[in-house]
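Asker: Have a peek at final-v3.tsv (TSV, C-alpha atoms).
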```
chain	number	residue	atom	x	y	z
A	79	MET	CA	-100.57	-2.13	-60.46
A	80	THR	CA	-102.05	0.76	-58.48
A	81	GLU	CA	-105.43	2.37	-58.93
A	82	LEU	CA	-103.73	5.44	-60.46
A	83	ALA	CA	-102.09	3.30	-63.11
A	84	LYS	CA	-105.43	1.59	-63.93
A	85	SER	CA	-107.17	4.94	-64.39
A	86	GLN	CA	-104.46	6.16	-66.80
A	87	GLY	CA	-104.86	3.23	-69.11
A	88	PRO	CA	-103.00	0.07	-69.88
A	89	GLY	CA	-99.95	1.89	-71.22
A	90	ALA	CA	-99.34	3.94	-68.10
A	91	ALA	CA	-96.32	2.96	-66.01
A	92	THR	CA	-96.39	2.68	-62.26
A	93	ALA	CA	-94.72	5.67	-60.56
A	94	GLU	CA	-91.45	4.60	-58.95
A	95	PRO	CA	-89.16	6.79	-56.80
A	96	ALA	CA	-86.24	8.10	-58.80
A	97	PRO	CA	-82.88	6.58	-57.83
A	98	ALA	CA	-80.55	8.79	-55.91
A	99	ALA	CA	-78.09	8.98	-58.80
A	100	ALA	CA	-80.81	10.26	-61.17
A	101	THR	CA	-81.73	13.13	-58.91
A	102	GLY	CA	-78.11	14.24	-58.60
A	103	THR	CA	-78.07	13.83	-54.82
A	104	ALA	CA	-75.87	10.81	-54.20
A	105	GLU	CA	-75.69	9.56	-50.63
A	106	PRO	CA	-72.39	10.60	-49.01
A	107	ALA	CA	-70.08	7.72	-48.16
A	108	PRO	CA	-69.89	7.06	-44.42
A	109	ALA	CA	-66.77	8.45	-42.82
A	110	ARG	CA	-64.18	5.80	-42.15
A	111	ILE	CA	-63.21	5.58	-38.48
A	112	THR	CA	-59.67	4.33	-37.99
A	113	GLN	CA	-58.41	2.51	-34.94
A	114	TRP	CA	-56.37	5.53	-33.86
A	115	GLY	CA	-59.42	7.71	-34.41
A	116	GLU	CA	-61.40	5.58	-31.97
A	117	ILE	CA	-58.56	5.70	-29.45
A	118	ARG	CA	-58.39	9.49	-29.74
A	119	HIS	CA	-62.16	9.77	-29.34
A	120	ARG	CA	-62.18	7.62	-26.19
A	121	PHE	CA	-59.26	9.58	-24.76
A	122	VAL	CA	-60.87	12.98	-25.38
A	123	ALA	CA	-64.15	11.72	-23.90
A	124	ASN	CA	-62.34	11.11	-20.60
A	125	ARG	CA	-62.40	14.49	-18.84
A	126	LEU	CA	-59.72	13.63	-16.31
A	127	ALA	CA	-57.44	12.50	-19.13
A	128	VAL	CA	-57.92	15.86	-20.87
A	129	VAL	CA	-57.19	17.69	-17.60
A	130	GLY	CA	-54.05	15.61	-17.19
A	131	LEU	CA	-52.98	16.36	-20.75
A	132	VAL	CA	-53.43	20.10	-20.11
A	133	LEU	CA	-51.28	19.86	-16.96
A	134	VAL	CA	-48.56	17.94	-18.81
A	135	LEU	CA	-48.55	20.43	-21.69
A	136	LEU	CA	-48.33	23.31	-19.20
A	137	LEU	CA	-45.32	21.59	-17.60
A	138	PHE	CA	-43.60	21.27	-20.97
A	139	LEU	CA	-44.35	24.89	-21.88
A	140	THR	CA	-43.10	26.09	-18.50
A	141	ALA	CA	-39.87	24.14	-18.91
A	142	ALA	CA	-39.36	25.40	-22.46
A	143	LEU	CA	-40.17	29.04	-21.65
A	144	ALA	CA	-38.58	29.21	-18.20
A	145	PRO	CA	-36.25	32.13	-19.05
A	146	LEU	CA	-39.26	34.14	-20.22
A	147	ILE	CA	-41.56	33.22	-17.32
A	148	ALA	CA	-39.08	33.57	-14.43
A	149	THR	CA	-39.01	37.02	-12.87
A	150	HIS	CA	-35.49	36.73	-11.38
A	151	ASP	CA	-32.29	34.78	-11.82
A	152	PRO	CA	-32.93	31.52	-9.91
A	153	TYR	CA	-29.30	31.42	-8.74
A	154	ALA	CA	-28.99	35.08	-7.70
A	155	GLN	CA	-28.54	35.55	-3.93
A	156	ASP	CA	-29.58	38.63	-1.98
A	157	LEU	CA	-28.59	38.23	1.67
A	158	THR	CA	-30.37	41.49	2.55
A	159	ASN	CA	-33.68	40.07	1.37
A	160	THR	CA	-33.88	36.60	2.93
A	161	LEU	CA	-36.98	34.66	4.00
A	162	LYS	CA	-39.39	37.27	2.66
A	163	SER	CA	-43.05	36.32	2.43
A	164	PRO	CA	-44.75	36.30	-1.00
A	165	SER	CA	-45.11	39.83	-2.39
A	166	GLY	CA	-45.48	41.70	-5.64
A	167	ASP	CA	-41.73	41.57	-6.24
A	168	HIS	CA	-41.25	37.95	-5.14
A	169	TRP	CA	-44.46	36.06	-5.90
A	170	PHE	CA	-43.50	32.94	-3.93
A	171	GLY	CA	-41.20	34.72	-1.45
A	172	THR	CA	-37.45	34.25	-1.02
A	173	ASP	CA	-35.41	31.49	0.61
A	174	ALA	CA	-32.69	31.65	3.28
A	175	LEU	CA	-30.18	32.94	0.71
A	176	GLY	CA	-32.51	35.54	-0.75
A	177	ARG	CA	-33.17	33.60	-3.96
A	178	ASP	CA	-36.53	34.10	-5.67
A	179	GLN	CA	-38.73	31.07	-5.00
A	180	PHE	CA	-41.03	31.59	-7.99
A	181	SER	CA	-38.12	31.55	-10.42
A	182	ARG	CA	-36.64	28.46	-8.79
A	183	VAL	CA	-39.98	26.62	-9.01
A	184	ILE	CA	-40.22	27.54	-12.71
A	185	TYR	CA	-36.69	26.35	-13.46
A	186	GLY	CA	-37.32	23.23	-11.39
A	187	SER	CA	-39.76	22.10	-14.08
A	188	ARG	CA	-36.79	21.69	-16.43
A	189	ILE	CA	-35.09	19.18	-14.16
A	190	ALA	CA	-38.39	17.32	-13.73
A	191	VAL	CA	-38.99	17.08	-17.48
A	192	VAL	CA	-35.42	16.07	-18.36
A	193	VAL	CA	-35.09	13.43	-15.63
A	194	GLY	CA	-38.62	12.08	-16.01
A	195	LEU	CA	-38.58	11.69	-19.80
A	196	ALA	CA	-34.93	10.67	-20.21
A	197	SER	CA	-34.98	8.00	-17.50
A	198	ILE	CA	-38.20	6.41	-18.76
A	199	PHE	CA	-37.05	6.58	-22.39
A	200	LEU	CA	-33.86	4.73	-21.47
A	201	ALA	CA	-35.80	2.22	-19.34
A	202	CYS	CA	-38.22	1.58	-22.21
A	203	LEU	CA	-35.36	1.16	-24.67
A	204	ILE	CA	-33.83	-1.57	-22.50
A	205	GLY	CA	-37.17	-3.12	-21.51
A	206	LEU	CA	-38.62	-3.24	-25.02
A	207	VAL	CA	-35.60	-5.01	-26.48
A	208	LEU	CA	-35.29	-7.58	-23.68
A	209	GLY	CA	-39.06	-8.05	-23.36
A	210	ALA	CA	-39.44	-8.63	-27.09
A	211	LEU	CA	-36.64	-11.22	-27.07
A	212	ALA	CA	-38.06	-13.00	-24.01
A	213	GLY	CA	-41.62	-13.09	-25.33
A	214	TYR	CA	-40.81	-14.13	-28.89
A	215	PHE	CA	-38.10	-16.76	-28.35
A	216	GLY	CA	-39.29	-18.07	-24.96
A	217	LYS	CA	-37.65	-21.07	-23.30
A	218	THR	CA	-34.02	-20.42	-22.28
A	219	VAL	CA	-33.94	-16.81	-23.48
A	220	ASP	CA	-37.14	-16.06	-21.59
A	221	THR	CA	-35.90	-17.74	-18.42
A	222	VAL	CA	-32.56	-15.91	-18.37
A	223	ILE	CA	-34.05	-12.46	-19.05
A	224	MET	CA	-36.87	-12.86	-16.53
A	225	ARG	CA	-34.50	-14.05	-13.80
A	226	ILE	CA	-32.33	-10.97	-14.40
A	227	ALA	CA	-35.49	-8.85	-14.17
A	228	ASP	CA	-36.36	-10.53	-10.86
A	229	ILE	CA	-33.01	-9.43	-9.45
A	230	PHE	CA	-33.83	-5.79	-10.24
A	231	PHE	CA	-37.35	-6.22	-8.88
A	232	ALA	CA	-35.83	-7.31	-5.56
A	233	PHE	CA	-34.15	-3.90	-5.07
A	234	PRO	CA	-36.36	-1.01	-3.92
A	235	LEU	CA	-36.11	1.81	-6.45
A	236	LEU	CA	-34.76	4.50	-4.12
A	237	ILE	CA	-32.24	2.26	-2.37
A	238	GLY	CA	-30.88	0.93	-5.64
A	239	ALA	CA	-30.69	4.45	-7.09
A	240	ILE	CA	-28.85	5.72	-4.01
A	241	VAL	CA	-26.23	2.96	-4.34
A	242	ILE	CA	-25.57	3.83	-8.00
A	243	ILE	CA	-25.43	7.57	-7.32
A	244	LEU	CA	-23.00	7.09	-4.44
A	245	VAL	CA	-20.73	5.17	-6.83
A	246	MET	CA	-21.08	7.56	-9.80
A	247	GLY	CA	-21.47	10.84	-7.92
A	248	ARG	CA	-24.28	13.39	-7.77
A	249	GLY	CA	-25.72	14.99	-10.87
A	250	VAL	CA	-28.52	14.82	-13.40
A	251	MET	CA	-27.00	12.03	-15.51
A	252	PRO	CA	-26.37	9.64	-12.57
A	253	VAL	CA	-29.97	10.18	-11.43
A	254	ILE	CA	-31.28	9.38	-14.94
A	255	LEU	CA	-29.16	6.24	-15.24
A	256	SER	CA	-30.03	4.98	-11.77
A	257	LEU	CA	-33.79	5.42	-12.31
A	258	ALA	CA	-33.62	3.76	-15.74
A	259	ILE	CA	-31.65	0.76	-14.48
A	260	PHE	CA	-34.27	0.01	-11.84
A	261	SER	CA	-37.30	0.67	-14.08
A	262	TRP	CA	-36.68	-1.42	-17.21
A	263	ALA	CA	-37.75	-4.70	-15.61
A	264	THR	CA	-41.42	-3.68	-15.39
A	265	VAL	CA	-41.47	-2.62	-19.05
A	266	SER	CA	-39.85	-5.89	-20.05
A	267	ARG	CA	-42.35	-8.01	-18.13
A	268	LEU	CA	-45.37	-6.10	-19.46
A	269	LEU	CA	-44.21	-6.45	-23.05
A	270	ARG	CA	-43.33	-10.11	-22.60
A	271	SER	CA	-46.83	-10.99	-21.37
A	272	SER	CA	-48.40	-9.18	-24.33
A	273	ILE	CA	-46.10	-10.85	-26.85
A	274	LEU	CA	-46.83	-14.32	-25.46
A	275	SER	CA	-50.45	-13.91	-26.54
A	276	VAL	CA	-49.80	-12.02	-29.78
A	277	ARG	CA	-47.17	-14.40	-31.17
A	278	GLU	CA	-49.79	-17.18	-31.48
A	279	MET	CA	-52.07	-15.07	-33.68
A	280	ASP	CA	-52.83	-16.17	-37.26
A	281	TYR	CA	-51.14	-13.16	-38.88
A	282	VAL	CA	-47.86	-14.03	-37.15
A	283	THR	CA	-48.12	-17.62	-38.36
A	284	ALA	CA	-48.86	-16.36	-41.87
A	285	ALA	CA	-45.83	-14.07	-41.80
A	286	LYS	CA	-43.64	-17.01	-40.80
A	287	ALA	CA	-45.10	-19.14	-43.61
A	288	LEU	CA	-44.32	-16.41	-46.13
A	289	GLY	CA	-40.70	-16.46	-45.06
A	290	ALA	CA	-40.53	-13.19	-43.12
A	291	SER	CA	-37.40	-12.78	-41.03
A	292	THR	CA	-37.50	-12.87	-37.25
A	293	SER	CA	-36.61	-9.18	-36.96
A	294	ARG	CA	-39.37	-8.21	-39.41
A	295	ILE	CA	-41.97	-10.29	-37.57
A	296	ILE	CA	-41.04	-8.68	-34.25
A	297	VAL	CA	-40.87	-5.10	-35.55
A	298	ARG	CA	-43.76	-5.10	-38.05
A	299	HIS	CA	-46.25	-7.55	-36.57
A	300	ILE	CA	-45.66	-8.28	-32.89
A	301	MET	CA	-44.45	-5.00	-31.41
A	302	PRO	CA	-47.25	-2.73	-32.77
A	303	ASN	CA	-49.89	-5.08	-31.37
A	304	SER	CA	-48.19	-5.54	-27.99
A	305	ILE	CA	-47.24	-1.98	-27.14
A	306	ALA	CA	-50.60	-0.78	-25.73
A	307	ALA	CA	-49.93	-1.87	-22.15
A	308	VAL	CA	-46.49	-0.27	-22.23
A	309	MET	CA	-47.80	3.11	-23.45
A	310	SER	CA	-50.05	3.64	-20.44
A	311	PHE	CA	-47.29	2.41	-18.11
A	312	VAL	CA	-44.88	4.99	-19.55
A	313	ALA	CA	-47.21	7.85	-18.58
A	314	PHE	CA	-47.46	6.55	-15.01
A	315	SER	CA	-43.71	5.97	-14.84
A	316	VAL	CA	-42.78	9.53	-15.81
A	317	GLY	CA	-44.65	10.77	-12.75
A	318	THR	CA	-43.01	8.10	-10.62
A	319	ALA	CA	-39.57	9.10	-11.91
A	320	ILE	CA	-40.21	12.76	-11.09
A	321	VAL	CA	-41.21	11.86	-7.51
A	322	ALA	CA	-38.17	9.57	-7.18
A	323	GLU	CA	-35.84	12.28	-8.46
A	324	ALA	CA	-37.30	14.82	-6.00
A	325	SER	CA	-36.97	12.26	-3.20
A	326	LEU	CA	-33.31	11.63	-4.02
A	327	SER	CA	-32.60	15.36	-3.97
A	328	TYR	CA	-34.50	15.72	-0.69
A	329	LEU	CA	-32.31	13.00	0.82
A	330	GLY	CA	-29.19	14.80	-0.39
A	331	VAL	CA	-28.09	12.34	-3.07
A	332	GLY	CA	-29.77	13.80	-6.16
A	333	VAL	CA	-28.72	16.85	-8.12
A	334	SER	CA	-26.42	19.44	-6.53
A	335	PRO	CA	-28.09	21.46	-3.75
A	336	GLU	CA	-27.62	24.82	-5.51
A	337	VAL	CA	-29.58	23.63	-8.57
A	338	PRO	CA	-33.19	24.92	-8.67
A	339	GLU	CA	-35.00	21.63	-8.21
A	340	TRP	CA	-38.21	20.89	-6.30
A	341	GLY	CA	-36.69	18.26	-3.99
A	342	ASN	CA	-33.79	20.57	-3.13
A	343	MET	CA	-36.22	23.37	-2.32
A	344	ILE	CA	-38.28	21.20	0.02
A	345	SER	CA	-35.11	19.92	1.70
A	346	ALA	CA	-33.83	23.48	2.23
A	347	ALA	CA	-37.18	24.40	3.84
A	348	LYS	CA	-37.00	21.71	6.56
A	349	ASP	CA	-35.73	24.11	9.20
A	350	ASN	CA	-38.49	26.63	8.45
A	351	MET	CA	-41.50	24.33	8.49
A	352	GLY	CA	-44.24	25.82	10.63
A	353	VAL	CA	-42.68	29.28	10.34
A	354	ASN	CA	-42.17	30.02	6.65
A	355	ASP	CA	-44.31	27.31	5.09
A	356	PHE	CA	-44.33	29.01	1.70
A	357	LEU	CA	-40.81	27.66	1.21
A	358	TRP	CA	-42.03	24.08	0.87
A	359	VAL	CA	-45.69	24.52	-0.11
A	360	TYR	CA	-45.11	25.85	-3.63
A	361	PRO	CA	-42.60	23.21	-4.80
A	362	SER	CA	-44.80	20.55	-3.23
A	363	ILE	CA	-47.81	21.81	-5.19
A	364	ALA	CA	-45.71	21.72	-8.36
A	365	ILE	CA	-44.83	18.05	-7.73
A	366	VAL	CA	-48.44	17.11	-6.96
A	367	LEU	CA	-49.86	18.79	-10.07
A	368	THR	CA	-47.17	17.28	-12.28
A	369	VAL	CA	-47.70	13.74	-10.98
A	370	LEU	CA	-51.49	14.08	-11.18
A	371	GLY	CA	-51.16	15.18	-14.79
A	372	PHE	CA	-49.18	12.11	-15.79
A	373	VAL	CA	-51.43	9.79	-13.75
A	374	PHE	CA	-54.57	11.16	-15.43
A	375	VAL	CA	-52.96	10.79	-18.86
A	376	GLY	CA	-51.93	7.23	-18.00
A	377	ASP	CA	-55.47	6.36	-16.90
A	378	GLY	CA	-56.86	7.88	-20.09
A	379	LEU	CA	-54.43	5.96	-22.30
A	380	ARG	CA	-55.19	2.70	-20.50
A	381	ASP	CA	-58.94	3.12	-20.97
A	382	ALA	CA	-58.60	4.32	-24.57
A	383	LEU	CA	-56.27	1.51	-25.64
A	384	ASP	CA	-58.23	-1.21	-23.86
A	385	PRO	CA	-61.95	-0.28	-23.46
A	386	LYS	CA	-62.60	-3.55	-21.59
A	387	LEU	CA	-60.86	-2.02	-18.55
A	388	ARG	CA	-63.33	0.89	-18.31
```
In structure tokens, write the structure found in this file.
Answerer:
Amino acid sequence: MTELAKSQGPGAATAEPAPAAATGTAEPAPARITQWGEIRHRFVANRLAVVGLVLVLLLFLTAALAPLIATHDPYAQDLTNTLKSPSGDHWFGTDALGRDQFSRVIYGSRIAVVVGLASIFLACLIGLVLGALAGYFGKTVDTVIMRIADIFFAFPLLIGAIVIILVMGRGVMPVILSLAIFSWATVSRLLRSSILSVREMDYVTAAKALGASTSRIIVRHIMPNSIAAVMSFVAFSVGTAIVAEASLSYLGVGVSPEVPEWGNMISAAKDNMGVNDFLWVYPSIAIVLTVLGFVFVGDGLRDALDPKLR
């Protein structure tokens, strides 16, 4: 009992702080931070990842709004206005056929987006299915799938793609298929290694004990916890696919030469290098910025999904 209580007499009660509920000011419950919230926070905290995301979004917007952004028809030829330096009318100059370079660079973003995303989506579709089967079942299934993957690993990407394109013919779809066929093996191997560790976890054992089917265990329990490594690889691979597609067009086996595509533009500028360098500089800058964007996003995803790698 305090001195104040003694001075007030034996019936006086000791002063106690009022509970928070009595004062009407209840303590707010702490905000719940989800796993995806933490991943988003770590990604946003990475400045290069944010810069990469801005570049990627600009690429998508440019591809979607190409007809509104382009100042000329990218296919229109003006033989009286060839090899003109950048000016107010032609911001990036004109090529040997008088076509507006700025408009062709803008429309080239469409080919880059379509080929990059479609080829990696198809590669992931094949790689995820085969990688999940190899990692979950193991033994004979694992051996057969991994040996098939080794065969595709043995072929350099560009050489294998050239062989397929020469058989199928030039065009956007053959380029997408060729890049996907020689990219799925990496996705499959990454997923397999993740599944080999995840399948031994207690929650997978519990799901088996409860009688869950194999397909449910793979889809609901194993895949969501094994996909992190694949997500960052996908971002890197889109940039790789865009470079590969431009390389194929530069070598003359990609999309048709009249199509506004960055590799085609650089190839057409070979004879003017050192004279009219603007013909190859602008499409080259477009490729560099695009690949940097996807690389920065891939780095950010890798660090956000697995903080131990930072």
Asker: Taking every listed atom of segment 214-228 of chain A and adding 3 Å to each side, what centre and edge lengths in Å (one decimal) does the axis-aligned box have, as JSON?
Answerer:
```
{"center_x": -36.6, "center_y": -15.0, "center_z": -19.9, "size_x": 14.5, "size_y": 18.2, "size_z": 24.0}
```
Asker: Work out how far atom CA of Ser362 of chain A is from atom CA of Val265 of chain A, in Å to one decimal.
Answerer: 28.3 Å
Asker: Could you give me, as a tab-separated table, every segment 144-256 of chain A residue with an atom at most 9 Å from segment 348-359 of chain A, plus its closest atom pair and distance in Å to one decimal, counting all atoms listed in the file, rows ordered by chain then number?
Answerer:
```
residue	atom	partner	partner_atom	distance
A:Leu161	CA	A:Asn354	CA	7.4
A:Lys162	CA	A:Asn354	CA	8.7
A:Ser163	CA	A:Phe356	CA	7.5
A:Pro164	CA	A:Phe356	CA	7.8
A:Phe170	CA	A:Phe356	CA	6.9
A:Gly171	CA	A:Phe356	CA	7.2
A:Thr172	CA	A:Leu357	CA	7.7
A:Asp173	CA	A:Leu357	CA	6.6
A:Gln179	CA	A:Leu357	CA	7.4
```
Asker: Find, counting all atoms listed in the file, the residue in A:Arg182, A:Lys217, A:Arg267, A:Arg225 that gets nearest to Asn342 of chain A.
Answerer: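 When distances to Asn342 of chain A are compared using all atoms listed in the file, the smallest one comes from A:Arg182.
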Asker: Smallest atom-to-atom distance to Leu133 of chain A: which of A:Phe231, A:Leu370, A:Leu383, A:Gly378, using only C-alpha atoms?
Answerer: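 For Leu133 of chain A, the nearest of the candidates is A:Leu370.
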Asker: Please compute the atom CA of Pro252 of chain A-atom CA of Phe180 of chain A distance, one decimal, in Å.
Answerer: 26.8 Å
Asker: Which of these, A:Gly216, A:Val253, A:Ala324, A:Ala142, has the shortest distance to Gly238 of chain A once you count all atoms listed in the file?
Answerer: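 The shortest atom-to-atom distance to Gly238 of chain A comes from A:Val253.
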Asker: Only N, CA and C atoms, as a PDB file, in the first residue's frame: that is what I want for segment 355-371 of chain A.
Answerer:
```
ATOM      1  N   ASP A 355      25.057   5.415 -88.855  1.00  0.00           N
ATOM      2  CA  ASP A 355      24.973   4.563 -87.667  1.00  0.00           C
ATOM      3  C   ASP A 355      23.619   4.621 -86.976  1.00  0.00           C
ATOM      4  N   PHE A 356      22.825   5.634 -87.251  1.00  0.00           N
ATOM      5  CA  PHE A 356      21.511   5.702 -86.614  1.00  0.00           C
ATOM      6  C   PHE A 356      20.617   4.533 -87.019  1.00  0.00           C
ATOM      7  N   LEU A 357      20.953   3.883 -88.140  1.00  0.00           N
ATOM      8  CA  LEU A 357      20.138   2.766 -88.600  1.00  0.00           C
ATOM      9  C   LEU A 357      20.199   1.570 -87.649  1.00  0.00           C
ATOM     10  N   TRP A 358      21.353   1.362 -87.015  1.00  0.00           N
ATOM     11  CA  TRP A 358      21.476   0.224 -86.107  1.00  0.00           C
ATOM     12  C   TRP A 358      21.518   0.637 -84.636  1.00  0.00           C
ATOM     13  N   VAL A 359      21.801   1.877 -84.334  1.00  0.00           N
ATOM     14  CA  VAL A 359      21.924   2.300 -82.935  1.00  0.00           C
ATOM     15  C   VAL A 359      20.579   2.223 -82.216  1.00  0.00           C
ATOM     16  N   TYR A 360      19.533   2.751 -82.833  1.00  0.00           N
ATOM     17  CA  TYR A 360      18.242   2.812 -82.146  1.00  0.00           C
ATOM     18  C   TYR A 360      17.628   1.436 -81.883  1.00  0.00           C
ATOM     19  N   PRO A 361      17.598   0.528 -82.851  1.00  0.00           N
ATOM     20  CA  PRO A 361      17.089  -0.813 -82.513  1.00  0.00           C
ATOM     21  C   PRO A 361      17.973  -1.543 -81.511  1.00  0.00           C
ATOM     22  N   SER A 362      19.283  -1.275 -81.548  1.00  0.00           N
ATOM     23  CA  SER A 362      20.169  -1.892 -80.561  1.00  0.00           C
ATOM     24  C   SER A 362      19.865  -1.383 -79.161  1.00  0.00           C
ATOM     25  N   ILE A 363      19.619  -0.089 -79.038  1.00  0.00           N
ATOM     26  CA  ILE A 363      19.252   0.475 -77.729  1.00  0.00           C
ATOM     27  C   ILE A 363      17.948  -0.135 -77.232  1.00  0.00           C
ATOM     28  N   ALA A 364      16.995  -0.333 -78.141  1.00  0.00           N
ATOM     29  CA  ALA A 364      15.726  -0.949 -77.756  1.00  0.00           C
ATOM     30  C   ALA A 364      15.939  -2.353 -77.201  1.00  0.00           C
ATOM     31  N   ILE A 365      16.813  -3.135 -77.837  1.00  0.00           N
ATOM     32  CA  ILE A 365      17.100  -4.487 -77.350  1.00  0.00           C
ATOM     33  C   ILE A 365      17.767  -4.432 -75.983  1.00  0.00           C
ATOM     34  N   VAL A 366      18.748  -3.555 -75.822  1.00  0.00           N
ATOM     35  CA  VAL A 366      19.485  -3.465 -74.557  1.00  0.00           C
ATOM     36  C   VAL A 366      18.553  -3.083 -73.412  1.00  0.00           C
ATOM     37  N   LEU A 367      17.721  -2.061 -73.612  1.00  0.00           N
ATOM     38  CA  LEU A 367      16.817  -1.624 -72.551  1.00  0.00           C
ATOM     39  C   LEU A 367      15.802  -2.712 -72.206  1.00  0.00           C
ATOM     40  N   THR A 368      15.315  -3.406 -73.211  1.00  0.00           N
ATOM     41  CA  THR A 368      14.346  -4.472 -72.969  1.00  0.00           C
ATOM     42  C   THR A 368      14.963  -5.609 -72.161  1.00  0.00           C
ATOM     43  N   VAL A 369      16.146  -6.051 -72.563  1.00  0.00           N
ATOM     44  CA  VAL A 369      16.800  -7.149 -71.853  1.00  0.00           C
ATOM     45  C   VAL A 369      17.180  -6.726 -70.441  1.00  0.00           C
ATOM     46  N   LEU A 370      17.686  -5.504 -70.275  1.00  0.00           N
ATOM     47  CA  LEU A 370      18.014  -5.018 -68.931  1.00  0.00           C
ATOM     48  C   LEU A 370      16.775  -5.015 -68.042  1.00  0.00           C
ATOM     49  N   GLY A 371      15.643  -4.601 -68.593  1.00  0.00           N
ATOM     50  CA  GLY A 371      14.416  -4.587 -67.808  1.00  0.00           C
ATOM     51  C   GLY A 371      14.069  -5.968 -67.275  1.00  0.00           C
TER      52      GLY A 371
END
```
